[in-house]
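Shown below: upload-v8.cif, with mmCIF, C-alpha atoms and all ligand atoms.
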```cif
data_input
loop_
_atom_site.label_atom_id
_atom_site.label_comp_id
_atom_site.auth_asym_id
_atom_site.auth_seq_id
_atom_site.Cartn_x
_atom_site.Cartn_y
_atom_site.Cartn_z
CA MET A 1 62.14 41.87 87.40
CA ILE A 2 62.04 39.96 90.60
CA ASP A 3 62.00 36.22 91.03
CA PRO A 4 58.88 35.34 93.08
CA SER A 5 61.01 33.30 95.47
CA SER A 6 63.35 36.20 96.10
CA ALA A 7 63.88 37.55 99.62
CA SER A 8 63.10 41.03 98.27
CA LEU A 9 59.46 39.92 98.08
CA ARG A 10 59.35 39.46 101.83
CA THR A 11 60.79 42.67 103.31
CA THR A 12 61.51 46.23 102.31
CA THR A 13 63.22 49.29 103.71
CA ALA A 14 60.64 51.92 104.60
CA ALA A 15 60.05 55.13 106.59
CA VAL A 16 58.10 54.00 109.64
CA LEU A 17 56.43 56.55 111.90
CA HIS A 18 56.59 55.33 115.51
CA GLY A 19 55.20 58.43 117.17
CA ALA A 20 55.21 62.20 116.97
CA GLY A 21 58.66 63.29 115.76
CA ASP A 22 59.89 59.67 115.65
CA ILE A 23 60.32 58.30 112.13
CA ARG A 24 62.75 55.47 111.44
CA VAL A 25 64.07 54.04 108.20
CA GLU A 26 63.99 50.31 108.86
CA SER A 27 63.10 46.94 107.43
CA VAL A 28 59.42 45.98 107.43
CA PRO A 29 57.69 42.83 106.18
CA LEU A 30 55.90 43.03 102.84
CA PRO A 31 52.44 41.49 102.52
CA PRO A 32 52.38 38.37 100.33
CA LEU A 33 51.93 39.05 96.61
CA GLY A 34 48.31 38.04 95.94
CA GLU A 35 47.21 36.89 92.51
CA HIS A 36 45.77 40.35 91.67
CA ASP A 37 48.66 42.27 93.28
CA VAL A 38 51.74 43.93 91.90
CA LEU A 39 55.07 44.58 93.57
CA VAL A 40 56.21 48.12 92.79
CA GLU A 41 59.82 49.27 93.06
CA MET A 42 59.20 52.82 94.22
CA ARG A 43 60.99 55.77 92.63
CA SER A 44 59.32 58.89 94.04
CA GLY A 45 57.23 59.92 97.01
CA GLY A 46 55.65 63.31 97.64
CA ILE A 47 55.49 65.02 101.03
CA CYS A 48 51.96 66.20 101.74
CA GLY A 49 50.55 68.32 104.55
CA SER A 50 48.93 65.25 106.09
CA ASP A 51 52.33 63.49 106.31
CA MET A 52 53.67 66.56 108.09
CA HIS A 53 50.74 66.46 110.55
CA TYR A 54 51.31 62.77 111.33
CA PHE A 55 55.01 63.39 111.83
CA ALA A 56 54.58 66.51 113.98
CA ASP A 57 51.60 65.40 116.10
CA GLY A 58 51.16 61.64 115.64
CA ARG A 59 47.76 62.39 114.17
CA ASN A 60 46.03 64.07 111.26
CA GLY A 61 42.60 65.42 112.09
CA SER A 62 40.64 62.62 113.75
CA ASN A 63 42.98 59.85 112.55
CA VAL A 64 45.47 58.98 115.28
CA LEU A 65 48.61 56.86 114.92
CA THR A 66 48.03 53.78 117.08
CA ARG A 67 50.85 51.55 115.85
CA PRO A 68 54.03 52.07 113.82
CA THR A 69 53.02 52.81 110.23
CA VAL A 70 54.87 53.48 106.98
CA LEU A 71 53.98 57.01 105.89
CA GLY A 72 53.27 58.28 102.37
CA HIS A 73 50.30 58.32 100.01
CA GLU A 74 51.86 60.04 97.01
CA GLY A 75 54.08 57.61 95.16
CA ALA A 76 55.16 56.18 91.83
CA GLY A 77 57.53 53.49 90.67
CA VAL A 78 57.99 50.58 88.30
CA VAL A 79 56.21 47.23 88.55
CA ALA A 80 58.80 44.60 89.41
CA ALA A 81 56.63 41.52 89.88
CA ALA A 82 53.00 40.70 89.23
CA GLY A 83 50.59 38.16 90.70
CA ARG A 84 49.23 35.38 88.46
CA LEU A 85 46.07 37.32 87.47
CA ALA A 86 47.41 40.89 87.68
CA THR A 87 46.73 43.01 84.61
CA VAL A 88 49.91 45.12 84.75
CA ALA A 89 53.14 43.62 83.46
CA PRO A 90 56.53 43.87 85.15
CA GLY A 91 58.54 46.79 83.76
CA THR A 92 55.52 49.12 83.61
CA PRO A 93 56.01 52.56 85.23
CA VAL A 94 53.01 53.36 87.41
CA VAL A 95 51.58 55.88 89.84
CA ILE A 96 49.65 54.47 92.78
CA GLU A 97 46.15 55.69 93.60
CA PRO A 98 46.41 55.29 97.37
CA ALA A 99 42.80 55.02 98.49
CA VAL A 100 41.43 51.57 97.76
CA PRO A 101 37.62 51.39 97.84
CA CYS A 102 35.50 48.26 98.38
CA GLY A 103 34.07 48.43 94.87
CA THR A 104 30.65 47.10 95.80
CA CYS A 105 28.88 49.55 98.15
CA PRO A 106 26.34 52.11 96.84
CA SER A 107 28.96 54.91 96.79
CA CYS A 108 31.36 52.76 94.78
CA ARG A 109 28.62 51.66 92.40
CA ASN A 110 27.58 55.30 91.89
CA GLY A 111 31.08 56.39 90.90
CA ARG A 112 31.71 58.18 94.19
CA TYR A 113 34.22 55.65 95.46
CA ASN A 114 36.16 58.38 97.27
CA VAL A 115 33.44 58.37 99.95
CA CYS A 116 33.31 54.57 100.29
CA THR A 117 32.97 53.82 104.01
CA SER A 118 34.95 50.57 103.66
CA SER A 119 38.00 52.00 101.93
CA TYR A 120 41.55 52.09 103.18
CA CYS A 121 44.34 54.41 102.12
CA PHE A 122 48.06 53.69 101.89
CA GLY A 123 49.86 55.93 104.36
CA SER A 124 46.75 56.63 106.46
CA PRO A 125 47.54 54.85 109.72
CA PRO A 126 47.21 51.98 110.40
CA THR A 127 47.60 51.16 106.67
CA ASN A 128 51.24 51.17 105.62
CA GLY A 129 52.13 53.75 102.98
CA LEU A 130 54.43 54.33 100.05
CA PHE A 131 57.65 55.82 101.48
CA ALA A 132 59.35 52.47 100.94
CA GLU A 133 61.71 50.86 98.47
CA ARG A 134 59.01 48.36 97.52
CA VAL A 135 55.27 48.07 98.09
CA VAL A 136 52.64 45.45 97.29
CA VAL A 137 49.36 46.92 96.04
CA PRO A 138 46.34 45.63 94.13
CA ASP A 139 46.61 46.05 90.36
CA SER A 140 43.42 48.15 90.52
CA ALA A 141 45.37 50.79 92.47
CA VAL A 142 47.96 51.52 89.79
CA HIS A 143 47.77 53.71 86.71
CA THR A 144 50.29 53.32 83.90
CA LEU A 145 52.51 56.34 83.30
CA PRO A 146 53.23 57.36 79.69
CA ASP A 147 56.85 57.79 78.55
CA SER A 148 56.50 61.55 79.04
CA ILE A 149 56.12 61.21 82.83
CA PRO A 150 59.13 59.69 84.59
CA ALA A 151 58.34 57.63 87.69
CA GLU A 152 60.80 59.95 89.48
CA LEU A 153 58.14 62.67 89.14
CA GLY A 154 55.07 60.44 89.06
CA ALA A 155 54.25 60.91 92.75
CA LEU A 156 52.92 64.36 91.87
CA ILE A 157 50.09 62.87 89.83
CA GLU A 158 48.29 62.28 93.17
CA PRO A 159 48.02 65.95 94.23
CA LEU A 160 47.17 66.82 90.62
CA ALA A 161 44.28 64.34 90.85
CA VAL A 162 43.12 66.26 93.95
CA ALA A 163 43.13 69.43 91.85
CA VAL A 164 41.31 67.81 88.94
CA TRP A 165 38.58 66.57 91.29
CA ALA A 166 38.35 69.95 93.02
CA VAL A 167 37.73 71.71 89.70
CA GLU A 168 35.17 69.03 88.82
CA ARG A 169 33.34 69.51 92.13
CA ALA A 170 33.49 73.27 91.59
CA GLN A 171 31.59 72.83 88.29
CA LEU A 172 33.89 75.44 86.80
CA ARG A 173 32.62 76.84 83.49
CA PRO A 174 34.60 78.63 80.76
CA GLY A 175 34.74 82.33 81.52
CA ASP A 176 34.14 81.92 85.25
CA ARG A 177 35.84 84.35 87.58
CA LEU A 178 37.57 82.12 90.13
CA LEU A 179 39.18 82.79 93.50
CA ILE A 180 41.64 80.22 94.82
CA THR A 181 42.54 80.71 98.49
CA GLY A 182 45.90 79.11 99.28
CA ALA A 183 48.87 78.97 96.88
CA GLY A 184 50.41 75.74 98.15
CA PRO A 185 50.91 72.81 95.77
CA ILE A 186 47.17 72.06 95.60
CA GLY A 187 46.18 75.69 95.00
CA LEU A 188 48.81 76.04 92.27
CA LEU A 189 47.68 72.81 90.60
CA VAL A 190 44.03 73.91 90.81
CA ALA A 191 45.05 77.18 89.13
CA GLN A 192 46.66 75.30 86.24
CA VAL A 193 43.69 72.98 85.77
CA ALA A 194 41.26 75.93 85.98
CA MET A 195 43.17 77.94 83.38
CA ASP A 196 43.14 74.90 81.10
CA ARG A 197 39.37 74.68 81.60
CA GLY A 198 38.99 78.24 80.38
CA ALA A 199 38.44 80.17 83.61
CA GLY A 200 38.04 83.84 82.67
CA GLU A 201 39.93 85.19 85.65
CA VAL A 202 41.99 83.34 88.27
CA VAL A 203 42.82 85.21 91.47
CA VAL A 204 45.05 83.43 94.00
CA THR A 205 45.50 84.51 97.61
CA ASP A 206 48.03 83.48 100.25
CA VAL A 207 50.15 85.08 102.97
CA ASN A 208 53.43 83.71 101.55
CA ASP A 209 55.09 85.85 98.86
CA ASP A 210 57.18 82.97 97.50
CA ARG A 211 54.05 80.97 96.82
CA LEU A 212 52.30 83.96 95.29
CA ALA A 213 55.31 84.52 93.03
CA ALA A 214 54.96 80.90 91.89
CA ALA A 215 51.29 81.58 91.10
CA THR A 216 52.27 84.65 89.08
CA ARG A 217 54.81 82.60 87.11
CA LEU A 218 52.03 80.17 86.21
CA GLY A 219 50.15 83.05 84.63
CA VAL A 220 47.26 83.65 87.02
CA THR A 221 45.36 86.90 86.60
CA ARG A 222 46.25 88.21 90.03
CA ALA A 223 48.16 86.99 93.10
CA LEU A 224 47.20 88.75 96.30
CA ASN A 225 48.91 88.68 99.70
CA VAL A 226 45.97 88.94 102.10
CA ALA A 227 48.28 89.65 105.03
CA ARG A 228 48.98 93.01 103.35
CA ASP A 229 46.20 93.74 100.91
CA ASP A 230 42.43 93.74 101.18
CA LEU A 231 40.45 91.13 99.31
CA ASP A 232 38.60 93.78 97.31
CA LEU A 233 36.63 91.47 95.03
CA THR A 234 32.92 91.04 94.45
CA GLY A 235 30.63 89.07 92.22
CA LEU A 236 32.95 86.13 91.61
CA ASP A 237 31.54 82.89 90.21
CA ARG A 238 33.64 80.29 91.96
CA LEU A 239 35.75 79.88 95.10
CA ILE A 240 38.06 76.91 95.58
CA GLU A 241 39.41 76.94 99.13
CA CYS A 242 42.84 75.25 99.28
CA SER A 243 44.39 76.74 102.43
CA GLY A 244 42.56 74.97 105.25
CA THR A 245 42.33 78.36 106.96
CA PRO A 246 38.87 79.25 108.34
CA ALA A 247 39.38 82.99 107.74
CA ALA A 248 40.27 82.34 104.10
CA LEU A 249 37.02 80.46 103.56
CA ASN A 250 34.84 83.00 105.36
CA SER A 251 36.33 86.02 103.60
CA GLY A 252 36.48 84.18 100.27
CA LEU A 253 32.76 83.39 100.44
CA LEU A 254 31.98 87.10 100.73
CA THR A 255 33.58 87.75 97.31
CA LEU A 256 31.02 85.51 95.58
CA GLY A 257 28.07 86.72 93.55
CA PRO A 258 24.54 85.38 93.10
CA ALA A 259 24.22 81.62 92.42
CA ALA A 260 27.98 81.16 92.81
CA ARG A 261 29.61 78.01 94.11
CA ALA A 262 32.30 77.45 96.74
CA THR A 263 34.28 74.22 97.08
CA VAL A 264 36.28 73.35 100.20
CA VAL A 265 39.39 71.34 99.30
CA GLY A 266 41.93 72.29 102.00
CA GLN A 267 41.69 70.23 105.16
CA ALA A 268 38.65 71.64 106.91
CA THR A 269 38.58 72.78 110.49
CA PRO A 270 36.26 70.51 112.58
CA ALA A 271 33.73 73.32 113.13
CA LEU A 272 33.57 76.79 111.70
CA ASP A 273 32.79 80.06 113.42
CA GLY A 274 31.95 83.06 111.30
CA LEU A 275 30.46 81.22 108.30
CA PRO A 276 28.39 83.90 106.50
CA LEU A 277 25.39 81.59 106.22
CA ALA A 278 22.74 84.28 105.77
CA PHE A 279 24.81 85.77 102.93
CA LEU A 280 25.05 82.34 101.28
CA GLN A 281 21.31 81.86 101.58
CA ARG A 282 20.41 85.34 100.33
CA TRP A 283 22.41 84.77 97.13
CA GLU A 284 21.79 81.05 96.87
CA ILE A 285 25.50 80.30 96.89
CA ASP A 286 26.32 76.57 96.94
CA LEU A 287 28.90 75.41 99.45
CA VAL A 288 30.31 71.97 98.65
CA THR A 289 33.34 69.93 99.69
CA ALA A 290 35.84 67.74 97.89
CA PHE A 291 37.59 64.72 99.40
CA ARG A 292 40.47 63.05 97.55
CA TYR A 293 39.22 62.21 94.02
CA ALA A 294 37.13 59.82 91.98
CA ASN A 295 38.26 58.75 88.51
CA ALA A 296 40.66 61.71 88.37
CA PHE A 297 44.02 59.97 87.85
CA PRO A 298 43.56 59.35 84.10
CA THR A 299 42.72 63.05 83.57
CA ALA A 300 45.68 64.12 85.71
CA ILE A 301 48.04 61.89 83.71
CA ALA A 302 46.62 63.21 80.42
CA LEU A 303 47.10 66.84 81.52
CA VAL A 304 50.80 66.25 82.20
CA ASP A 305 51.25 64.13 79.08
CA ALA A 306 49.79 66.97 76.99
CA GLY A 307 52.14 69.50 78.58
CA THR A 308 49.24 71.44 80.11
CA VAL A 309 50.51 70.96 83.65
CA ASP A 310 54.21 71.07 84.44
CA LEU A 311 54.90 69.05 87.59
CA GLU A 312 58.64 69.69 87.69
CA ARG A 313 58.24 73.40 88.39
CA LEU A 314 56.43 72.60 91.66
CA VAL A 315 59.38 70.60 92.99
CA THR A 316 61.63 72.69 95.23
CA ALA A 317 63.59 69.98 97.06
CA ARG A 318 64.48 66.30 96.83
CA TYR A 319 65.64 64.08 99.70
CA ALA A 320 66.87 60.52 100.02
CA LEU A 321 64.66 58.09 101.97
CA THR A 322 67.26 58.05 104.75
CA ASP A 323 66.67 61.81 105.17
CA ILE A 324 62.90 61.45 105.49
CA ALA A 325 62.74 63.42 108.75
CA GLN A 326 64.45 66.38 107.06
CA ALA A 327 62.09 66.04 104.10
CA LEU A 328 59.08 66.16 106.43
CA ARG A 329 60.40 69.27 108.16
CA ALA A 330 61.55 71.04 104.97
CA PRO A 331 58.28 72.84 104.13
CA THR A 332 58.17 74.27 107.67
CA THR A 333 61.85 75.16 108.04
CA ASP A 334 61.95 76.73 104.58
CA PRO A 335 58.55 78.23 103.72
CA SER A 336 59.72 78.95 100.17
CA ASN A 337 59.32 75.21 99.56
CA LEU A 338 56.43 74.08 97.43
CA LYS A 339 56.62 70.36 96.79
CA VAL A 340 59.24 68.21 98.48
CA LEU A 341 60.00 64.85 96.88
CA VAL A 342 61.52 61.76 98.44
CA GLU A 343 63.73 59.68 96.13
CA LEU A 344 62.93 56.04 96.78
ZN ZN B 401 48.56 64.36 99.53
ZN ZN B 402 32.65 51.03 98.59
#
```

Output the structure of this file as C-alpha cells.
Amino acid sequence: MIDPSSASLRTTTAAVLHGAGDIRVESVPLPPLGEHDVLVEMRSGGICGSDMHYFADGRNGSNVLTRPTVLGHEGAGVVAAAGRLATVAPGTPVVIEPAVPCGTCPSCRNGRYNVCTSSYCFGSPPTNGLFAERVVVPDSAVHTLPDSIPAELGALIEPLAVAVWAVERAQLRPGDRLLITGAGPIGLLVAQVAMDRGAGEVVVTDVNDDRLAAATRLGVTRALNVARDDLDLTGLDRLIECSGTPAALNSGLLTLGPAARATVVGQATPALDGLPLAFLQRWEIDLVTAFRYANAFPTAIALVDAGTVDLERLVTARYALTDIAQALRAPTTDPSNLKVLVEL
C-alpha cells in the first residue's frame, strides 16, 4: 500500500509514444488521486493491433497522435491506494476497463455506453494509457479479478470482453453455423465464446497457418487457409468478421444463408468496395458492427474463472516494459505470435 504523501503518487515510469517508431520509457507525472480514483500498480499489459498502428504510423484510423502519449489499453494490476470515496480497497487485483463513458448521455443511459460521444479511452491519444508502472483511474473503470485470474494475465480480459460483446451483437443462437474470419487473438477468443454458447459449427479462416493451428487446438470445427483453399460454404447463420480485411468480409458475407447476420468486429476499412449489397437485400441478411464492449467485463471474467476460456494459451511472448519497442514489433517480426504481453 502506498502512503498518500509518497512521491510514487506523483510520477511513474511509462512507455510514451512520441511519434511514429519513437517510443520512450520515461518518467511521466501522474494525475492527482481524486476521491473516487484508485492508484493501480500495473502487472500486465497486452499489445493490441491498435497499439501497433500508433507505433508504426503515429495514428490509428482517424485518431492521430498529436502529443506524446502513454500507450496501452489492455492492462491489469493491484490497487495500491484509493481515494477517500473509492469503492475498491487497496490490495485488490483488478483489470481496467479502458473506455470511460460520461454516464449521463442517452447512449450511456440506454446501456450502450460504448458509443458515448463524450467518452475517453486510456491509451487512445491524447489520453495516457496503461503501459506504465502505475496509473490513476476512476474506481468505476476497474473490475475485481477473482483468485483464479492472476493480474499478470488480467490484461487479456479486455480482448475477451471484445469477443463477448461481438458474440452478443451477433445474436448467436445454439446450433448456429458460424464463420469467423481472422484467427488473431480476437477471432480465437470469439471462437471460444461461441463454442461455449453452443454454436453448432465454428469455421475459422485466416491466411496464417500458425493461427489456424491455434484455432484447431481450441477445437473449432474447421480451420481454413483462404490463401490456399476456397471458401466453399453456403447457408451459414452467422459471420463474425475479425480480420479487418475487406476481402474477408465480402467473401464471408456470400457464405451466409437467408435471414443470417454478419457482425463486423475487426477494424473496418473507411469505405468498402465490393460489398454484395444486393445479395444481402435479397436474403435479408443483417449487417451490424461492434465497437469495444458494453457491460462485457463481468462476463469475460466469469468465463475465465469457470475455466471456459483459457487466456494463457493465447500468450506467445512476454517482454519487460523497457523492451516495449520490441514487444510492439514482435507480432510483425514473428507472425507465429498471438498475444504479446508486457510485464509491468
Ligand atoms: Zn485491444
Ligand atoms: Zn455518455

Using all atoms listed in the file, which residues of the polymer chains come no farther than 8 Å from ligand ZN 402 (chain B)? I'd like the answer as a PDB file with C-alpha atoms, in the frame of the given file.
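Produced file part32.pdb, reproduced below:
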```pdb
ATOM      1  CA  PRO A 101      37.620  51.390  97.840  1.00  0.00           C
ATOM      2  CA  CYS A 102      35.500  48.260  98.380  1.00  0.00           C
ATOM      3  CA  GLY A 103      34.070  48.430  94.870  1.00  0.00           C
ATOM      4  CA  THR A 104      30.650  47.100  95.800  1.00  0.00           C
ATOM      5  CA  CYS A 105      28.880  49.550  98.150  1.00  0.00           C
ATOM      6  CA  PRO A 106      26.340  52.110  96.840  1.00  0.00           C
ATOM      7  CA  SER A 107      28.960  54.910  96.790  1.00  0.00           C
ATOM      8  CA  CYS A 108      31.360  52.760  94.780  1.00  0.00           C
ATOM      9  CA  ARG A 109      28.620  51.660  92.400  1.00  0.00           C
ATOM     10  CA  TYR A 113      34.220  55.650  95.460  1.00  0.00           C
ATOM     11  CA  VAL A 115      33.440  58.370  99.950  1.00  0.00           C
ATOM     12  CA  CYS A 116      33.310  54.570 100.290  1.00  0.00           C
ATOM     13  CA  THR A 117      32.970  53.820 104.010  1.00  0.00           C
ATOM     14  CA  SER A 118      34.950  50.570 103.660  1.00  0.00           C
ATOM     15  CA  SER A 119      38.000  52.000 101.930  1.00  0.00           C
TER      16      SER A 119
END
```

Q: List all protein, DNA and RNA residues that have an atom no more than 8 Å from any atom of ligand ZN 401 (chain B), counting all atoms listed in the file, and report them as an NGL selection string.
A: :A and (46-51 or 73-74 or 158-159)

Q: Tell me which protein, DNA and RNA residues are within 12 Å of Asn250 in chain A, counting all atoms listed in the file, leaving out same-chain ones fewer than 4 positions away, and put them as a list in words.
A: Thr181, Leu231, Leu239, Ile240, Glu241, Ser243, Gly244, Thr245, Pro246, Leu254, Thr255, Leu256, Ala262, Val264, Leu272, Asp273, Gly274, Leu275, Pro276, Leu277, Phe279, Leu280 and Leu287 of chain A

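The two atoms in question, CA of Asn337 in chain A and CA of Asp209 in chain A, are spaced 11.5 Å apart.
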
What are the closest atom pairs, with distances in Å to one decimal, for each residue of range 104-163 of chain A lying within 9 Å of range 312-322 of chain A, using only C-alpha atoms, rows by chain and rising residue number, as a tab-separated table?
```
residue	atom	partner	partner_atom	distance
A:Phe131	CA	A:Leu321	CA	7.4
A:Ala132	CA	A:Leu321	CA	7.8
A:Glu133	CA	A:Leu321	CA	8.6
A:Leu153	CA	A:Glu312	CA	7.2
A:Leu156	CA	A:Glu312	CA	8.9
```

Q.
Under the rule that only C-alpha atoms are counted, which of A:Met195, A:Ala248, A:Leu328, A:Pro174 is the nearest residue to Leu17 in chain A?
A. A:Leu328

Q | Residues near Pro298 in chain A, cut-off 12 Å, only C-alpha atoms, skip fewer than 3 positions along chain, as a ChimeraX atom specification | A | /A:94-97,142-146,157-158,160-161,164-165,293-295,301-305

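Closest to Gly111 in chain A among A:Leu311, A:Pro335, A:Ala296, A:Asp286 is A:Ala296, based on only C-alpha atoms.
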
(Q) What's the separation between CA of Glu26 in chain A and CA of Asp139 in chain A, in Å to one decimal place? (A) 25.7 Å

Q | Between CA of Ser251 in chain A and CA of Arg169 in chain A - distance in Å to one decimal | A |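 CA of Arg169 in chain A sits 20.3 Å away from CA of Ser251 in chain A.
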
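Taking all atoms listed in the file into account, Phe297 in chain A lies nearest to A:Val162 out of the set A:Ile149, A:Leu249, A:Leu172, A:Val162.
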
Should you be able to, write range 248-270 of chain A of this structure into a file that contains N, CA and C atoms, as a short mmCIF file (atom, residue, chain, number, x, y, z; two decimals), in the first residue's frame.
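Saved to out.cif:
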```cif
data_model
loop_
_atom_site.label_atom_id
_atom_site.label_comp_id
_atom_site.auth_asym_id
_atom_site.auth_seq_id
_atom_site.Cartn_x
_atom_site.Cartn_y
_atom_site.Cartn_z
N ALA A 248 -12.12 -10.40 -46.80
CA ALA A 248 -12.64 -11.42 -45.88
C ALA A 248 -14.11 -11.15 -45.59
N LEU A 249 -14.46 -9.89 -45.42
CA LEU A 249 -15.86 -9.55 -45.16
C LEU A 249 -16.71 -9.86 -46.38
N ASN A 250 -16.27 -9.38 -47.54
CA ASN A 250 -17.09 -9.55 -48.75
C ASN A 250 -17.29 -11.03 -49.09
N SER A 251 -16.23 -11.82 -49.00
CA SER A 251 -16.39 -13.23 -49.34
C SER A 251 -17.13 -13.97 -48.22
N GLY A 252 -16.92 -13.54 -46.97
CA GLY A 252 -17.63 -14.16 -45.86
C GLY A 252 -19.13 -13.95 -45.96
N LEU A 253 -19.54 -12.76 -46.37
CA LEU A 253 -20.98 -12.46 -46.49
C LEU A 253 -21.65 -13.43 -47.46
N LEU A 254 -20.93 -13.80 -48.52
CA LEU A 254 -21.51 -14.67 -49.55
C LEU A 254 -21.73 -16.10 -49.07
N THR A 255 -21.18 -16.45 -47.90
CA THR A 255 -21.43 -17.80 -47.36
C THR A 255 -22.73 -17.86 -46.55
N LEU A 256 -23.35 -16.70 -46.33
CA LEU A 256 -24.50 -16.65 -45.42
C LEU A 256 -25.78 -17.05 -46.12
N GLY A 257 -26.70 -17.61 -45.34
CA GLY A 257 -28.00 -18.01 -45.85
C GLY A 257 -29.06 -16.97 -45.53
N PRO A 258 -30.32 -17.29 -45.87
CA PRO A 258 -31.43 -16.38 -45.64
C PRO A 258 -31.55 -15.95 -44.18
N ALA A 259 -31.82 -14.66 -43.96
CA ALA A 259 -32.05 -14.09 -42.63
C ALA A 259 -30.87 -14.31 -41.69
N ALA A 260 -29.68 -14.41 -42.26
CA ALA A 260 -28.47 -14.56 -41.45
C ALA A 260 -28.05 -13.20 -40.91
N ARG A 261 -26.95 -13.19 -40.17
CA ARG A 261 -26.49 -11.95 -39.56
C ARG A 261 -24.97 -11.91 -39.57
N ALA A 262 -24.42 -10.77 -40.01
CA ALA A 262 -22.98 -10.59 -40.04
C ALA A 262 -22.60 -9.45 -39.11
N THR A 263 -21.52 -9.64 -38.36
CA THR A 263 -21.08 -8.64 -37.39
C THR A 263 -19.62 -8.29 -37.67
N VAL A 264 -19.36 -7.01 -37.87
CA VAL A 264 -18.01 -6.55 -38.17
C VAL A 264 -17.33 -6.13 -36.87
N VAL A 265 -16.27 -6.85 -36.49
CA VAL A 265 -15.55 -6.58 -35.25
C VAL A 265 -14.15 -6.04 -35.55
N GLY A 266 -13.46 -6.66 -36.51
CA GLY A 266 -12.13 -6.19 -36.90
C GLY A 266 -12.19 -4.76 -37.38
N GLN A 267 -11.09 -4.04 -37.17
CA GLN A 267 -11.10 -2.61 -37.53
C GLN A 267 -11.49 -2.42 -38.99
N ALA A 268 -12.58 -1.72 -39.20
CA ALA A 268 -13.14 -1.61 -40.54
C ALA A 268 -12.35 -0.64 -41.40
N THR A 269 -12.31 -0.96 -42.69
CA THR A 269 -11.74 -0.05 -43.66
C THR A 269 -12.71 1.15 -43.78
N PRO A 270 -12.17 2.38 -44.06
CA PRO A 270 -13.06 3.56 -44.06
C PRO A 270 -14.24 3.43 -45.03
#
```
